[in-house]
file run.cif (mmCIF, C-alpha atoms and all ligand atoms)
data_upload
loop_
_atom_site.group_PDB
_atom_site.id
_atom_site.type_symbol
_atom_site.label_atom_id
_atom_site.label_comp_id
_atom_site.auth_asym_id
_atom_site.auth_seq_id
_atom_site.Cartn_x
_atom_site.Cartn_y
_atom_site.Cartn_z
ATOM 1 C CA MET O 1 31.503 108.542 117.750
ATOM 2 C CA ALA O 2 34.133 110.734 116.027
ATOM 3 C CA ASP O 3 33.573 111.956 112.481
ATOM 4 C CA ALA O 4 36.267 110.259 110.300
ATOM 5 C CA ALA O 5 36.018 112.962 107.632
ATOM 6 C CA ALA O 6 36.694 115.789 110.080
ATOM 7 C CA PRO O 7 40.187 117.412 109.721
ATOM 8 C CA ARG O 8 42.639 116.279 112.409
ATOM 9 C CA ARG O 9 43.631 118.923 114.875
ATOM 10 C CA LEU O 10 47.310 119.802 115.127
ATOM 11 C CA THR O 11 48.199 118.976 118.665
ATOM 12 C CA ARG O 12 51.041 120.543 120.556
ATOM 13 C CA ARG O 13 52.828 117.150 120.620
ATOM 14 C CA THR O 14 52.556 116.747 116.822
ATOM 15 C CA PHE O 15 53.784 120.285 116.243
ATOM 16 C CA LEU O 16 56.822 119.747 118.502
ATOM 17 C CA GLY O 17 57.567 116.442 116.762
ATOM 18 C CA TRP O 18 57.592 118.048 113.339
ATOM 19 C CA TRP O 19 59.580 120.998 114.611
ATOM 20 C CA ILE O 20 62.320 118.764 116.125
ATOM 21 C CA ALA O 21 62.407 116.616 112.971
ATOM 22 C CA ALA O 22 62.834 119.727 110.818
ATOM 23 C CA LEU O 23 65.566 121.018 113.126
ATOM 24 C CA MET O 24 67.459 117.714 113.006
ATOM 25 C CA THR O 25 67.166 117.523 109.217
ATOM 26 C CA ALA O 26 68.488 121.061 108.850
ATOM 27 C CA THR O 27 71.385 120.251 111.196
ATOM 28 C CA ILE O 28 72.335 117.096 109.275
ATOM 29 C CA VAL O 29 72.058 118.816 105.877
ATOM 30 C CA THR O 30 74.295 121.617 107.129
ATOM 31 C CA ALA O 31 76.900 119.407 108.817
ATOM 32 C CA LEU O 32 77.139 116.577 106.274
ATOM 33 C CA PRO O 33 78.922 118.260 103.329
ATOM 34 C CA PRO O 34 81.916 119.518 105.381
ATOM 35 C CA LEU O 35 82.164 116.109 107.030
ATOM 36 C CA LEU O 36 82.165 114.319 103.658
ATOM 37 C CA VAL O 37 84.792 116.716 102.274
ATOM 38 C CA PHE O 38 86.923 116.035 105.353
ATOM 39 C CA LEU O 39 86.618 112.255 104.949
ATOM 40 C CA TRP O 40 87.066 112.171 101.168
ATOM 41 C CA PRO O 41 88.928 115.328 100.137
ATOM 42 C CA ALA O 42 88.913 116.107 96.433
ATOM 43 C CA SER O 43 92.221 116.546 94.643
ATOM 44 C CA PRO O 44 93.187 120.189 94.732
ATOM 45 C CA LYS O 45 92.157 121.939 91.558
ATOM 46 C CA GLY O 46 94.627 121.389 88.740
ATOM 47 C CA GLN O 47 96.456 118.467 90.369
ATOM 48 C CA LYS O 48 96.768 115.316 88.331
ATOM 49 C CA LYS O 49 98.696 112.099 88.993
ATOM 50 C CA GLY O 50 100.409 110.305 86.119
ATOM 51 C CA PRO O 51 103.723 109.512 84.497
ATOM 52 C CA LEU O 52 106.077 112.461 84.026
ATOM 53 C CA ALA O 53 108.407 112.442 81.042
ATOM 54 C CA VAL O 54 112.013 113.119 81.994
ATOM 55 C CA THR O 55 114.892 113.646 79.585
ATOM 56 C CA LEU O 56 118.217 112.353 80.901
ATOM 57 C CA ASP O 57 121.552 114.060 80.329
ATOM 58 C CA THR O 58 123.008 110.618 79.606
ATOM 59 C CA PRO O 59 120.744 108.072 77.921
ATOM 60 C CA ILE O 60 120.314 104.850 79.855
ATOM 61 C CA ASP O 61 121.995 102.751 77.190
ATOM 62 C CA GLN O 62 125.107 104.954 77.469
ATOM 63 C CA LEU O 63 125.410 104.747 81.275
ATOM 64 C CA SER O 64 128.533 102.939 82.354
ATOM 65 C CA ASP O 65 128.447 100.636 85.333
ATOM 66 C CA GLY O 66 128.706 102.633 88.566
ATOM 67 C CA GLN O 67 127.457 105.831 86.935
ATOM 68 C CA ALA O 68 124.491 107.847 88.183
ATOM 69 C CA VAL O 69 122.739 110.688 86.415
ATOM 70 C CA LYS O 70 120.620 113.292 88.197
ATOM 71 C CA PHE O 71 117.308 114.589 86.900
ATOM 72 C CA ASN O 72 114.756 117.098 88.138
ATOM 73 C CA ALA O 73 110.984 117.138 88.150
ATOM 74 C CA PRO O 74 109.429 119.194 85.343
ATOM 75 C CA THR O 75 108.735 122.778 86.342
ATOM 76 C CA SER O 76 106.400 123.803 83.568
ATOM 77 C CA PRO O 77 103.873 123.004 84.889
ATOM 78 C CA ASN O 78 105.297 122.501 88.379
ATOM 79 C CA SER O 79 105.449 118.762 89.096
ATOM 80 C CA ALA O 80 106.869 116.264 91.569
ATOM 81 C CA PHE O 81 107.727 112.577 91.611
ATOM 82 C CA ILE O 82 105.940 110.195 93.968
ATOM 83 C CA MET O 83 108.084 107.874 96.086
ATOM 84 C CA ALA O 84 107.268 104.200 95.646
ATOM 85 C CA ASP O 85 108.589 103.189 99.045
ATOM 86 C CA GLY O 86 110.463 104.661 101.937
ATOM 87 C CA GLY O 87 111.864 104.532 105.404
ATOM 88 C CA GLY O 88 113.098 107.071 107.920
ATOM 89 C CA ASP O 89 111.982 110.518 106.811
ATOM 90 C CA ASN O 90 110.685 109.175 103.480
ATOM 91 C CA ALA O 91 107.473 107.233 102.942
ATOM 92 C CA ALA O 92 105.636 105.769 99.990
ATOM 93 C CA GLY O 93 103.528 108.544 98.485
ATOM 94 C CA ASP O 94 105.864 111.353 99.569
ATOM 95 C CA LEU O 95 106.912 113.841 96.910
ATOM 96 C CA ALA O 96 110.401 114.290 95.480
ATOM 97 C CA PHE O 97 111.562 117.066 93.201
ATOM 98 C CA GLY O 98 114.552 115.219 91.818
ATOM 99 C CA GLY O 99 116.063 111.796 91.404
ATOM 100 C CA PHE O 100 118.865 109.679 90.045
ATOM 101 C CA VAL O 101 119.080 106.963 87.452
ATOM 102 C CA VAL O 102 121.941 104.699 88.401
ATOM 103 C CA LYS O 103 123.471 101.687 86.748
ATOM 104 C CA ASN O 104 125.000 99.371 89.293
ATOM 105 C CA GLN O 105 126.350 95.922 88.467
ATOM 106 C CA GLY O 106 124.332 95.902 85.279
ATOM 107 C CA LYS O 107 121.058 96.810 87.017
ATOM 108 C CA VAL O 108 119.329 100.153 86.482
ATOM 109 C CA ASP O 109 117.595 101.749 89.488
ATOM 110 C CA VAL O 110 115.825 105.063 89.886
ATOM 111 C CA PHE O 111 115.936 106.744 93.299
ATOM 112 C CA ALA O 112 114.374 109.847 94.795
ATOM 113 C CA ILE O 113 116.910 112.506 95.666
ATOM 114 C CA ASN O 114 115.740 112.835 99.289
ATOM 115 C CA CYS O 115 118.005 111.586 102.064
ATOM 116 C CA SER O 116 116.120 109.188 104.313
ATOM 117 C CA HIS O 117 117.491 110.919 107.416
ATOM 118 C CA LEU O 118 115.788 114.314 107.237
ATOM 119 C CA GLY O 119 115.151 114.842 103.550
ATOM 120 C CA CYS O 120 118.130 116.851 102.267
ATOM 121 C CA SER O 121 119.102 116.282 98.647
ATOM 122 C CA VAL O 122 121.859 113.729 98.229
ATOM 123 C CA ALA O 123 124.576 114.157 95.602
ATOM 124 C CA VAL O 124 126.617 111.687 93.630
ATOM 125 C CA ASN O 125 130.152 111.118 94.849
ATOM 126 C CA VAL O 126 131.739 110.097 91.550
ATOM 127 C CA THR O 127 135.053 109.080 93.101
ATOM 128 C CA ALA O 128 133.644 106.929 95.889
ATOM 129 C CA LYS O 129 130.660 105.779 93.784
ATOM 130 C CA SER O 130 128.139 106.639 96.479
ATOM 131 C CA PHE O 131 125.309 109.057 97.204
ATOM 132 C CA ASP O 132 126.412 111.524 99.888
ATOM 133 C CA CYS O 133 124.213 113.816 101.930
ATOM 134 C CA PRO O 134 125.665 117.264 102.686
ATOM 135 C CA CYS O 135 123.509 117.857 105.767
ATOM 136 C CA HIS O 136 124.645 115.346 108.392
ATOM 137 C CA GLY O 137 127.029 113.126 106.496
ATOM 138 C CA SER O 138 124.896 110.118 105.610
ATOM 139 C CA ARG O 139 126.156 108.088 102.686
ATOM 140 C CA PHE O 140 124.423 105.504 100.530
ATOM 141 C CA HIS O 141 125.697 102.752 98.243
ATOM 142 C CA LEU O 142 124.723 102.989 94.587
ATOM 143 C CA ASP O 143 122.024 100.366 95.255
ATOM 144 C CA GLY O 144 120.440 102.843 97.690
ATOM 145 C CA THR O 145 121.344 101.008 100.889
ATOM 146 C CA VAL O 146 122.964 102.855 103.779
ATOM 147 C CA LEU O 147 126.751 103.079 103.737
ATOM 148 C CA ARG O 148 127.007 105.429 106.744
ATOM 149 C CA GLY O 149 124.470 106.996 109.124
ATOM 150 C CA PRO O 150 122.832 108.827 110.732
ATOM 151 C CA ALA O 151 120.366 107.693 108.026
ATOM 152 C CA ALA O 152 119.073 104.246 108.899
ATOM 153 C CA ALA O 153 116.844 103.574 105.901
ATOM 154 C CA PRO O 154 117.730 103.200 102.224
ATOM 155 C CA LEU O 155 116.906 105.732 99.539
ATOM 156 C CA SER O 156 113.363 105.613 98.171
ATOM 157 C CA HIS O 157 112.699 104.154 94.758
ATOM 158 C CA LEU O 158 110.713 105.932 92.071
ATOM 159 C CA THR O 159 108.434 103.917 89.813
ATOM 160 C CA TRP O 160 109.533 104.343 86.224
ATOM 161 C CA LYS O 161 109.574 102.842 82.784
ATOM 162 C CA GLN O 162 111.549 103.440 79.646
ATOM 163 C CA GLY O 163 110.301 106.253 77.449
ATOM 164 C CA ALA O 164 110.141 106.364 73.668
ATOM 165 C CA ASP O 165 113.942 106.582 73.418
ATOM 166 C CA PRO O 166 116.914 105.743 75.710
ATOM 167 C CA ALA O 167 117.223 109.374 76.814
ATOM 168 C CA THR O 168 113.668 109.518 78.119
ATOM 169 C CA ILE O 169 112.043 107.833 81.079
ATOM 170 C CA GLN O 170 108.503 108.038 82.443
ATOM 171 C CA VAL O 171 108.431 108.490 86.218
ATOM 172 C CA ASP O 172 105.305 108.278 88.371
ATOM 173 C CA GLY O 173 104.465 111.712 89.663
ATOM 174 C CA ILE O 174 101.946 114.455 90.026
ATOM 175 C CA VAL O 175 101.360 117.733 88.244
ATOM 176 C CA LEU O 176 100.960 120.132 91.142
ATOM 177 C CA GLY O 177 99.197 122.829 89.174
ATOM 178 C CA PHE O 178 100.787 125.810 90.880
HETATM 179 S S1 LIG H 1 119.376 114.841 106.062
HETATM 180 FE FE1 LIG H 1 120.865 113.585 105.151
HETATM 181 S S2 LIG H 1 122.156 113.063 106.771
HETATM 182 FE FE2 LIG H 1 120.645 114.261 107.699
#
call {"tool": "encode", "arguments": {"input": "run.cif", "output": "structure tokens"}}
result
Amino acid sequence: MADAAAPRRLTRRTFLGWWIAALMTATIVTALPPLLVFLWPASPKGQKKGPLAVTLDTPIDQLSDGQAVKFNAPTSPNSAFIMADGGGDNAAGDLAFGGFVVKNQGKVDVFAINCSHLGCSVAVNVTAKSFDCPCHGSRFHLDGTVLRGPAAAPLSHLTWKQGADPATIQVDGIVLGF
């Protein structure tokens, strides 16, 4: 009969079991952090989403019908607007570095400056009351819909709200931190 109080001998099988378990644990501990960072990347240092204050050259309450006013993303610190929707080359969540406030048939809209064809900056055609792209000739109505291709999708909206005064709006964006 075996002595229960006697120390158990470390067999070769037990040693190999512990050794493999330790090896697997070390492998998992080493591989897990990069995998987690890949799956859930942290915001780059210094980046912060939130409303960006923009001062308009023409306050909203002074815009006449059919008038659009251009604005740029703040550069100190460097920031960008976040598109609320999109089609073609634009998509919700894409960044824009400029936009337009436009009053059209009494309604105020705010669009990203990016052409939905390949992303060039559109400009206001004051005479024709349209947004025209200099790159391949696309044109957009003041409500953002396509007037002429090759663009097939409308301009992207920016999410905004009125600021503290008619000359200021708050536009959803991100401080890029560089
Ligand atoms: S990028 Fe505007 S028409 Fe091509």
call {"tool": "closest_atom_pairs", "arguments": {"input": "run.cif", "of": "chain O", "to": "ligand LIG 1 (chain H)", "cutoff": "6 Å", "atoms": "only C-alpha atoms and all ligand atoms", "output": "CSV"}}
result
residue,atom,partner,partner_atom,distance
O:Cys115,CA,H:LIG1,FE1,4.7
O:His117,CA,H:LIG1,S1,4.6
O:Leu118,CA,H:LIG1,S1,3.8
O:Gly119,CA,H:LIG1,S1,4.9
O:Cys120,CA,H:LIG1,S1,4.5
O:Cys133,CA,H:LIG1,FE1,4.7
O:Cys135,CA,H:LIG1,FE2,5.0
O:His136,CA,H:LIG1,S2,3.7
O:Gly137,CA,H:LIG1,S2,4.9
O:Ser138,CA,H:LIG1,S2,4.2
O:Pro150,CA,H:LIG1,S2,5.8
O:Ala151,CA,H:LIG1,S2,5.8
call {"tool": "residues_around", "arguments": {"input": "run.cif", "residues": "Gly163 of chain O", "least_positions_apart": "5", "cutoff": "9 Å", "atoms": "only C-alpha atoms", "output": "compact mmCIF listing (two decimals) with C-alpha atoms, in the coordinates of the input"}}
result
# COMPACT_ATOMS: atom_id res chain seq x y z
CA ALA O 53 108.41 112.44 81.04
CA VAL O 54 112.01 113.12 81.99
CA THR O 55 114.89 113.65 79.58
CA THR O 168 113.67 109.52 78.12
CA ILE O 169 112.04 107.83 81.08
CA GLN O 170 108.50 108.04 82.44
call {"tool": "residues_around", "arguments": {"input": "run.cif", "residues": "segment 104-114 of chain O", "least_positions_apart": "5", "cutoff": "8 Å", "atoms": "all atoms listed in the file", "output": "MDAnalysis selection string"}}
result
chainID O and resid 65:67 81 83 90 96:99 119:123 142:144 155:160
call {"tool": "atom_distance", "arguments": {"input": "run.cif", "atom1": "atom CA of Lys103 of chain O", "atom2": "atom CA of Val69 of chain O"}}
result
9.0 Å
call {"tool": "axis_aligned_box", "arguments": {"input": "run.cif", "around": "segment 108-112 of chain O", "padding_each_side": "6 Å", "output": "lines of an AutoDock Vina configuration file"}}
result
center_x = 116.9
center_y = 105.0
center_z = 90.6
size_x = 17.0
size_y = 21.7
size_z = 20.3
call {"tool": "atom_distance", "arguments": {"input": "run.cif", "atom1": "atom CA of Val29 of chain O", "atom2": "atom CA of Thr11 of chain O"}}
result
27.1 Å
call {"tool": "resolve_selection", "arguments": {"input": "run.cif", "expression": "the PyMOL selection byres (((chain O and resi 74) around 9) and not hetatm)", "output": "mmCIF file with C-alpha atoms, keeping the file's coordinate frame"}}
result
data_model
loop_
_atom_site.group_PDB
_atom_site.id
_atom_site.type_symbol
_atom_site.label_atom_id
_atom_site.label_comp_id
_atom_site.auth_asym_id
_atom_site.auth_seq_id
_atom_site.Cartn_x
_atom_site.Cartn_y
_atom_site.Cartn_z
ATOM 1 C CA LEU O 52 106.077 112.461 84.026
ATOM 2 C CA ALA O 53 108.407 112.442 81.042
ATOM 3 C CA VAL O 54 112.013 113.119 81.994
ATOM 4 C CA ASN O 72 114.756 117.098 88.138
ATOM 5 C CA ALA O 73 110.984 117.138 88.150
ATOM 6 C CA THR O 75 108.735 122.778 86.342
ATOM 7 C CA SER O 76 106.400 123.803 83.568
ATOM 8 C CA PRO O 77 103.873 123.004 84.889
ATOM 9 C CA ASN O 78 105.297 122.501 88.379
ATOM 10 C CA SER O 79 105.449 118.762 89.096
ATOM 11 C CA ALA O 80 106.869 116.264 91.569
ATOM 12 C CA PHE O 97 111.562 117.066 93.201
ATOM 13 C CA VAL O 175 101.360 117.733 88.244
#
call {"tool": "closest_residue", "arguments": {"input": "run.cif", "among": "O:Ile60, O:Val146, O:Leu95, O:Val124", "to": "Gly173 of chain O", "atoms": "all atoms listed in the file"}}
result
O:Leu95
call {"tool": "atom_distance", "arguments": {"input": "run.cif", "atom1": "atom CA of Val126 of chain O", "atom2": "atom CA of Ala152 of chain O"}}
result
22.3 Å
call {"tool": "closest_residue", "arguments": {"input": "run.cif", "among": "O:Ser64, O:Thr14, O:Thr30, O:Asn125", "to": "Phe140 of chain O", "atoms": "all atoms listed in the file"}}
result
O:Asn125
call {"tool": "decode", "arguments": {"input": "run.cif", "residues": "segment 85-116 of chain O", "atoms": "N, CA, C and O atoms", "output": "compact mmCIF listing (two decimals), in the first residue's frame"}}
result
# COMPACT_ATOMS: atom_id res chain seq x y z
N ASP O 85 -23.95 61.60 -44.36
CA ASP O 85 -24.44 60.59 -45.30
C ASP O 85 -23.54 60.65 -46.54
O ASP O 85 -22.57 61.39 -46.55
N GLY O 86 -23.90 59.89 -47.52
CA GLY O 86 -23.06 59.95 -48.72
C GLY O 86 -23.44 58.94 -49.76
O GLY O 86 -24.25 58.05 -49.53
N GLY O 87 -22.86 59.12 -50.91
CA GLY O 87 -23.05 58.20 -52.03
C GLY O 87 -21.90 58.45 -52.98
O GLY O 87 -21.21 59.47 -52.86
N GLY O 88 -21.67 57.55 -53.91
CA GLY O 88 -20.54 57.70 -54.82
C GLY O 88 -19.25 57.63 -54.05
O GLY O 88 -19.03 56.72 -53.25
N ASP O 89 -18.41 58.65 -54.22
CA ASP O 89 -17.11 58.66 -53.54
C ASP O 89 -17.22 59.04 -52.07
O ASP O 89 -16.28 58.86 -51.31
N ASN O 90 -18.35 59.59 -51.67
CA ASN O 90 -18.54 60.02 -50.28
C ASN O 90 -19.31 58.96 -49.50
O ASN O 90 -20.15 58.26 -50.05
N ALA O 91 -19.04 58.88 -48.20
CA ALA O 91 -19.79 57.96 -47.35
C ALA O 91 -19.95 58.59 -45.98
O ALA O 91 -19.14 59.44 -45.58
N ALA O 92 -20.99 58.18 -45.28
CA ALA O 92 -21.18 58.67 -43.91
C ALA O 92 -19.92 58.35 -43.11
O ALA O 92 -19.40 57.24 -43.17
N GLY O 93 -19.44 59.34 -42.37
CA GLY O 93 -18.22 59.14 -41.58
C GLY O 93 -16.97 59.65 -42.27
O GLY O 93 -15.94 59.80 -41.62
N ASP O 94 -17.05 59.90 -43.58
CA ASP O 94 -15.88 60.46 -44.28
C ASP O 94 -15.63 61.89 -43.81
O ASP O 94 -16.54 62.57 -43.33
N LEU O 95 -14.41 62.34 -43.99
CA LEU O 95 -14.04 63.69 -43.54
C LEU O 95 -14.16 64.69 -44.68
O LEU O 95 -13.95 64.36 -45.84
N ALA O 96 -14.49 65.92 -44.31
CA ALA O 96 -14.55 67.03 -45.27
C ALA O 96 -13.86 68.23 -44.62
O ALA O 96 -14.01 68.45 -43.42
N PHE O 97 -13.14 68.97 -45.43
CA PHE O 97 -12.41 70.11 -44.89
C PHE O 97 -13.08 71.44 -45.23
O PHE O 97 -12.52 72.50 -44.99
N GLY O 98 -14.27 71.35 -45.78
CA GLY O 98 -15.03 72.56 -46.07
C GLY O 98 -16.48 72.21 -46.30
O GLY O 98 -16.84 71.03 -46.38
N GLY O 99 -17.30 73.23 -46.42
CA GLY O 99 -18.72 72.99 -46.65
C GLY O 99 -19.43 74.26 -47.09
O GLY O 99 -18.80 75.31 -47.26
N PHE O 100 -20.72 74.11 -47.29
CA PHE O 100 -21.56 75.24 -47.69
C PHE O 100 -22.82 75.27 -46.85
O PHE O 100 -23.42 74.21 -46.59
N VAL O 101 -23.20 76.46 -46.44
CA VAL O 101 -24.56 76.66 -45.93
C VAL O 101 -25.33 77.26 -47.08
O VAL O 101 -24.88 78.22 -47.72
N VAL O 102 -26.48 76.70 -47.38
CA VAL O 102 -27.26 77.19 -48.51
C VAL O 102 -28.71 77.36 -48.09
O VAL O 102 -29.26 76.53 -47.36
N LYS O 103 -29.28 78.45 -48.55
CA LYS O 103 -30.72 78.66 -48.33
C LYS O 103 -31.42 78.46 -49.66
O LYS O 103 -31.08 79.11 -50.65
N ASN O 104 -32.31 77.51 -49.69
CA ASN O 104 -32.97 77.16 -50.94
C ASN O 104 -34.46 76.97 -50.69
O ASN O 104 -34.84 76.09 -49.92
N GLN O 105 -35.25 77.82 -51.30
CA GLN O 105 -36.71 77.79 -51.13
C GLN O 105 -37.08 77.82 -49.65
O GLN O 105 -37.92 77.06 -49.17
N GLY O 106 -36.38 78.69 -48.94
CA GLY O 106 -36.69 78.91 -47.53
C GLY O 106 -36.04 77.91 -46.57
O GLY O 106 -36.06 78.10 -45.36
N LYS O 107 -35.46 76.84 -47.12
CA LYS O 107 -34.87 75.79 -46.27
C LYS O 107 -33.35 75.97 -46.23
O LYS O 107 -32.73 76.25 -47.25
N VAL O 108 -32.78 75.80 -45.05
CA VAL O 108 -31.33 75.92 -44.91
C VAL O 108 -30.72 74.52 -44.84
O VAL O 108 -31.15 73.68 -44.04
N ASP O 109 -29.75 74.26 -45.71
CA ASP O 109 -29.02 72.98 -45.70
C ASP O 109 -27.54 73.26 -45.54
O ASP O 109 -27.05 74.34 -45.88
N VAL O 110 -26.84 72.27 -45.02
CA VAL O 110 -25.38 72.37 -44.91
C VAL O 110 -24.77 71.14 -45.58
O VAL O 110 -25.09 70.00 -45.21
N PHE O 111 -23.94 71.39 -46.60
CA PHE O 111 -23.34 70.30 -47.37
C PHE O 111 -21.82 70.27 -47.21
O PHE O 111 -21.19 71.33 -47.03
N ALA O 112 -21.26 69.07 -47.33
CA ALA O 112 -19.81 68.95 -47.43
C ALA O 112 -19.38 69.44 -48.81
O ALA O 112 -20.14 69.35 -49.77
N ILE O 113 -18.16 69.90 -48.89
CA ILE O 113 -17.68 70.51 -50.13
C ILE O 113 -17.29 69.46 -51.19
O ILE O 113 -17.14 69.77 -52.35
N ASN O 114 -17.20 68.20 -50.79
CA ASN O 114 -16.64 67.16 -51.65
C ASN O 114 -17.63 66.70 -52.72
O ASN O 114 -18.74 66.26 -52.41
N CYS O 115 -17.19 66.74 -53.96
CA CYS O 115 -18.00 66.20 -55.06
C CYS O 115 -18.16 64.69 -54.85
O CYS O 115 -17.22 64.00 -54.47
N SER O 116 -19.37 64.21 -55.14
CA SER O 116 -19.62 62.78 -54.91
C SER O 116 -19.03 61.91 -56.02
O SER O 116 -19.10 60.69 -55.92
